[in-house]
$ cat my_file-v4.tsv   # TSV, C-alpha atoms
chain	number	residue	atom	x	y	z
A	1	MET	CA	37.46	99.90	-111.74
A	2	ILE	CA	38.34	103.43	-110.65
A	3	PHE	CA	38.54	102.48	-106.96
A	4	ILE	CA	41.73	100.40	-107.39
A	5	PRO	CA	43.77	103.19	-109.08
A	6	ALA	CA	42.51	105.56	-106.37
A	7	LEU	CA	43.85	103.24	-103.66
A	8	LEU	CA	47.21	102.94	-105.42
A	9	LEU	CA	47.47	106.72	-105.81
A	10	SER	CA	46.54	107.16	-102.15
A	11	TYR	CA	49.33	104.88	-101.00
A	12	LEU	CA	51.90	106.51	-103.30
A	13	VAL	CA	51.00	110.05	-102.25
A	14	GLY	CA	50.95	108.98	-98.61
A	15	SER	CA	54.46	107.54	-98.96
A	16	ILE	CA	55.87	111.02	-99.62
A	17	SER	CA	57.66	111.66	-96.33
A	18	GLY	CA	58.16	115.27	-95.30
A	19	SER	CA	60.93	114.62	-92.79
A	20	TYR	CA	62.77	112.26	-95.13
A	21	LEU	CA	62.72	114.74	-98.03
A	22	ILE	CA	63.80	117.63	-95.80
A	23	GLY	CA	66.64	115.58	-94.35
A	24	ILE	CA	67.94	114.30	-97.69
A	25	ILE	CA	67.50	117.50	-99.73
A	26	PHE	CA	68.43	120.22	-97.24
A	27	LEU	CA	70.47	118.55	-94.49
A	28	LYS	CA	71.98	115.52	-96.24
A	29	LYS	CA	70.74	113.33	-93.40
A	30	ASP	CA	68.35	110.38	-93.22
A	31	ILE	CA	65.85	111.08	-90.42
A	32	ARG	CA	65.65	107.35	-89.70
A	33	ASN	CA	69.25	107.39	-88.47
A	34	TYR	CA	68.63	110.03	-85.83
A	35	GLY	CA	66.73	110.36	-82.57
A	36	SER	CA	63.95	107.81	-82.28
A	37	GLY	CA	64.37	106.82	-85.93
A	38	ASN	CA	60.76	107.78	-86.65
A	39	ALA	CA	60.12	109.73	-89.85
A	40	GLY	CA	57.61	112.14	-88.33
A	41	THR	CA	57.18	115.64	-86.98
A	42	THR	CA	58.26	115.08	-83.38
A	43	ASN	CA	61.54	113.37	-84.29
A	44	ALA	CA	62.23	115.94	-87.02
A	45	MET	CA	61.72	118.74	-84.50
A	46	ARG	CA	63.98	117.09	-81.92
A	47	THR	CA	66.76	116.17	-84.33
A	48	PHE	CA	66.59	118.80	-87.10
A	49	GLY	CA	65.14	121.75	-85.17
A	50	LYS	CA	61.79	123.48	-84.73
A	51	LYS	CA	61.74	125.05	-88.19
A	52	TRP	CA	62.18	121.75	-89.97
A	53	GLY	CA	59.75	120.02	-87.63
A	54	VAL	CA	57.02	122.53	-88.44
A	55	LEU	CA	57.73	122.18	-92.16
A	56	THR	CA	57.51	118.39	-91.80
A	57	PHE	CA	54.08	118.71	-90.22
A	58	ILE	CA	52.88	121.06	-92.96
A	59	ILE	CA	54.06	118.74	-95.75
A	60	ASP	CA	52.50	115.65	-94.19
A	61	PHE	CA	49.27	117.50	-93.42
A	62	LEU	CA	48.97	118.97	-96.91
A	63	LYS	CA	49.62	115.67	-98.65
A	64	GLY	CA	46.69	114.15	-96.77
A	65	LEU	CA	44.45	117.11	-97.51
A	66	ILE	CA	45.39	117.37	-101.19
A	67	LEU	CA	45.08	113.60	-101.63
A	68	MET	CA	41.51	113.64	-100.37
A	69	LEU	CA	40.59	116.58	-102.59
A	70	ILE	CA	41.97	114.72	-105.61
A	71	ILE	CA	40.18	111.49	-104.76
A	72	LYS	CA	36.94	113.34	-104.03
A	73	ASN	CA	36.89	115.73	-106.98
A	74	PHE	CA	38.67	113.82	-109.74
A	75	PHE	CA	37.82	110.22	-108.88
A	76	GLY	CA	34.39	111.15	-107.55
A	77	LEU	CA	34.57	108.81	-104.57
A	78	ARG	CA	32.46	109.44	-101.48
A	79	GLY	CA	31.55	107.78	-98.20
A	80	TYR	CA	33.43	104.71	-97.05
A	81	GLN	CA	35.39	104.47	-100.32
A	82	LEU	CA	36.82	107.95	-99.77
A	83	LEU	CA	37.67	107.01	-96.18
A	84	ILE	CA	39.39	103.81	-97.34
A	85	CYS	CA	41.55	105.98	-99.61
A	86	ALA	CA	42.40	108.07	-96.55
A	87	LEU	CA	43.44	104.86	-94.78
A	88	PHE	CA	45.68	103.86	-97.68
A	89	GLY	CA	47.27	107.31	-97.68
A	90	ILE	CA	48.02	106.95	-93.97
A	91	ILE	CA	49.39	103.44	-94.51
A	92	GLY	CA	51.65	104.90	-97.20
A	93	HIS	CA	52.94	107.45	-94.69
A	94	ASP	CA	53.47	104.87	-91.95
A	95	PHE	CA	54.95	102.18	-94.21
A	96	PRO	CA	56.52	103.79	-97.33
A	97	PHE	CA	57.89	101.18	-99.71
A	98	HIS	CA	60.87	103.31	-100.72
A	99	MET	CA	61.96	103.70	-97.08
A	100	LYS	CA	61.90	99.97	-96.29
A	101	PHE	CA	58.42	100.51	-94.79
A	102	LYS	CA	59.85	102.64	-91.97
A	103	GLY	CA	57.81	105.83	-91.88
A	104	GLY	CA	56.01	108.06	-89.42
A	105	LYS	CA	53.06	107.62	-87.09
A	106	GLY	CA	50.43	109.26	-89.27
A	107	VAL	CA	49.14	112.11	-87.07
A	108	ALA	CA	49.57	114.98	-89.53
A	109	THR	CA	48.47	112.88	-92.50
A	110	THR	CA	45.39	111.65	-90.64
A	111	LEU	CA	44.52	115.23	-89.75
A	112	GLY	CA	44.90	116.28	-93.37
A	113	THR	CA	42.62	113.54	-94.67
A	114	MET	CA	40.00	114.06	-91.96
A	115	ALA	CA	40.01	117.83	-92.52
A	116	VAL	CA	38.43	117.08	-95.89
A	117	TYR	CA	36.34	114.09	-94.87
A	118	ASP	CA	34.86	115.46	-91.64
A	119	PHE	CA	36.09	119.00	-90.97
A	120	TYR	CA	34.43	119.69	-87.61
A	121	THR	CA	35.43	116.34	-86.14
A	122	ALA	CA	39.01	116.99	-87.26
A	123	LEU	CA	38.91	120.53	-85.87
A	124	ILE	CA	37.71	119.49	-82.41
A	125	SER	CA	40.15	116.58	-82.35
A	126	VAL	CA	43.12	118.81	-83.15
A	127	ILE	CA	42.05	121.25	-80.43
A	128	VAL	CA	42.05	118.34	-77.97
A	129	TRP	CA	45.46	117.32	-79.30
A	130	ILE	CA	46.95	120.79	-78.86
A	131	ALA	CA	45.42	121.22	-75.39
A	132	THR	CA	46.78	117.85	-74.27
A	133	VAL	CA	50.27	118.67	-75.54
A	134	ILE	CA	50.25	122.07	-73.83
A	135	ILE	CA	49.13	120.60	-70.52
A	136	SER	CA	51.23	117.42	-70.51
A	137	LYS	CA	54.23	118.63	-72.56
A	138	MET	CA	54.08	115.24	-74.30
A	139	ALA	CA	53.49	115.12	-78.05
A	140	SER	CA	52.72	111.40	-77.96
A	141	LEU	CA	49.94	111.77	-75.40
A	142	GLY	CA	48.38	114.52	-77.49
A	143	SER	CA	48.55	112.31	-80.57
A	144	ILE	CA	46.90	109.39	-78.80
A	145	PHE	CA	44.11	111.65	-77.53
A	146	PHE	CA	43.72	112.99	-81.07
A	147	PHE	CA	42.97	109.52	-82.46
A	148	ILE	CA	40.66	108.64	-79.58
A	149	THR	CA	38.74	111.90	-79.98
A	150	LEU	CA	38.25	111.27	-83.70
A	151	LEU	CA	36.54	107.99	-83.01
A	152	ILE	CA	34.49	109.17	-80.02
A	153	LEU	CA	33.13	112.19	-81.88
A	154	ALA	CA	32.10	110.03	-84.82
A	155	MET	CA	30.30	107.66	-82.46
A	156	VAL	CA	28.61	110.41	-80.45
A	157	PHE	CA	27.31	112.37	-83.41
A	158	ASN	CA	26.39	109.15	-85.27
A	159	ARG	CA	26.95	110.57	-88.75
A	160	TYR	CA	28.78	107.57	-90.16
A	161	THR	CA	27.56	104.38	-91.79
A	162	ASP	CA	28.65	101.01	-90.41
A	163	LEU	CA	31.29	100.71	-93.14
A	164	GLU	CA	32.59	104.19	-92.37
A	165	TYR	CA	32.81	103.34	-88.68
A	166	THR	CA	34.75	100.20	-89.53
A	167	VAL	CA	37.30	102.11	-91.60
A	168	LEU	CA	37.58	104.88	-89.00
A	169	ILE	CA	38.23	102.28	-86.31
A	170	MET	CA	41.03	100.92	-88.51
A	171	ILE	CA	42.50	104.42	-88.95
A	172	THR	CA	42.40	105.29	-85.26
A	173	SER	CA	43.60	101.84	-84.18
A	174	LEU	CA	46.56	102.12	-86.55
A	175	GLY	CA	47.40	105.56	-85.18
A	176	ILE	CA	47.32	104.34	-81.59
A	177	PHE	CA	49.24	101.16	-82.45
A	178	ARG	CA	52.00	103.25	-84.05
A	179	HIS	CA	52.43	104.86	-80.62
A	180	ASN	CA	52.84	101.52	-78.83
A	181	SER	CA	56.37	102.29	-77.65
A	182	ASN	CA	55.19	105.68	-76.38
A	183	ILE	CA	52.33	104.01	-74.51
A	184	TYR	CA	54.79	101.70	-72.74
A	185	ARG	CA	56.88	104.71	-71.73
A	186	LEU	CA	53.79	106.61	-70.62
A	187	LEU	CA	52.75	103.71	-68.42
A	188	GLY	CA	56.28	103.53	-67.05
A	189	GLY	CA	56.37	107.25	-66.36
A	190	ASN	CA	59.42	107.91	-68.52
A	191	GLU	CA	57.97	109.28	-71.74
A	192	ASN	CA	59.91	112.07	-73.45
A	193	LYS	CA	58.58	115.59	-73.00
A	194	ILE	CA	58.81	118.60	-75.29
A	195	GLY	CA	62.09	120.32	-74.60
A	196	ASP	CA	63.95	117.12	-73.71
A	197	LYS	CA	67.37	116.71	-75.26
A	198	LYS	CA	67.76	114.67	-78.44
A	199	GLN	CA	67.99	110.96	-77.95
$ encode --input "my_file-v4.tsv" --output "structure tokens"
Amino acid sequence: MIFIPALLLSYLVGSISGSYLIGIIFLKKDIRNYGSGNAGTTNAMRTFGKKWGVLTFIIDFLKGLILMLIIKNFFGLRGYQLLICALFGIIGHDFPFHMKFKGGKGVATTLGTMAVYDFYTALISVIVWIATVIISKMASLGSIFFFITLLILAMVFNRYTDLEYTVLIMITSLGIFRHNSNIYRLLGGNENKIGDKKQ
């Protein structure tokens, strides 16, 4: 069955970590040993610098986008099956087997997959994300709003099947759950802001 190899490929591609590769190849550092320990864009930017943070985002975004194009065009999957592959790619990013399942929070990878699956929903969601970050100066709050907006837009425009909604709820719930420590700090009023010193 072609669906199973597609899921395996999705997880493996998703497990390619931009910040980890940049740290090991160019800086001889393991991102997980610095800052918050998260292998994502925000921690890479805080610990490695803006240039490397931007490159991390680009890598993680492109892997999600390219993955979906491969699954869609070469495996021929559509609908909820394509979205499940997106989920597995995001799981690979969040819990990469070769990094002891300690990865990122999936924002850039989710954006990359959704850019192929539902371009306009992804576009509006990323605009909300950017606006929230600019106003609040908090990357985590923007990320949380990004995931919430994805789900709300899908519900409002009602373009998804029940199975697609189910998978999208899983994707957005995972994204929000990965920010659980940020949510606690937000509620406590002590969340890190852009420009704060490295942890």
$ residues_around --input "my_file-v4.tsv" --residues "Thr121 of chain A" --least-positions-apart "4" --cutoff "7 Å" --atoms "only C-alpha atoms" --output "PyMOL selection string"
chain A and resi 125+150+153
$ closest_residue --input "my_file-v4.tsv" --among "A:Ala86, A:Val107, A:Leu62, A:Met1" --to "Ser140 of chain A" --atoms "only C-alpha atoms"
A:Val107
$ closest_residue --input "my_file-v4.tsv" --among "A:Asn33, A:Thr132, A:Thr109, A:Asn43" --to "Gly64 of chain A" --atoms "only C-alpha atoms"
A:Thr109
$ closest_residue --input "my_file-v4.tsv" --among "A:Ala6, A:Ile176, A:Met45, A:Leu187" --to "Ile84 of chain A" --atoms "only C-alpha atoms"
A:Ala6
$ residues_around --input "my_file-v4.tsv" --residues "Val116 of chain A" --least-positions-apart "3" --cutoff "10 Å" --atoms "only C-alpha atoms" --output "MDAnalysis selection string"
chainID A and resid 64:69 72 86 111:113 119:120 122
$ residues_around --input "my_file-v4.tsv" --residues "segment 81-83 of chain A" --least-positions-apart "5" --cutoff "8 Å" --atoms "all atoms listed in the file" --output "PyMOL selection string"
chain A and resi 3+68+71-72+117+164+167-168
$ closest_residue --input "my_file-v4.tsv" --among "A:Ile134, A:Met155, A:Ile144, A:Ile194" --to "Thr42 of chain A" --atoms "all atoms listed in the file"
A:Ile194
$ atom_distance --input "my_file-v4.tsv" --atom1 "atom CA of Lys51 of chain A" --atom2 "atom CA of Gly23 of chain A"
12.3 Å
$ closest_residue --input "my_file-v4.tsv" --among "A:Gly188, A:Arg32, A:Arg178, A:Leu12" --to "Lys102 of chain A" --atoms "all atoms listed in the file"
A:Arg32
$ closest_residue --input "my_file-v4.tsv" --among "A:Leu77, A:Ile25, A:Met99, A:Leu141" --to "Asn38 of chain A" --atoms "all atoms listed in the file"
A:Met99
$ residues_around --input "my_file-v4.tsv" --residues "Thr41 of chain A" --least-positions-apart "4" --cutoff "8 Å" --atoms "all atoms listed in the file" --output "list of chain:residue names"
A:Ser19, A:Met45, A:Gly53, A:Val54, A:Thr56, A:Phe57
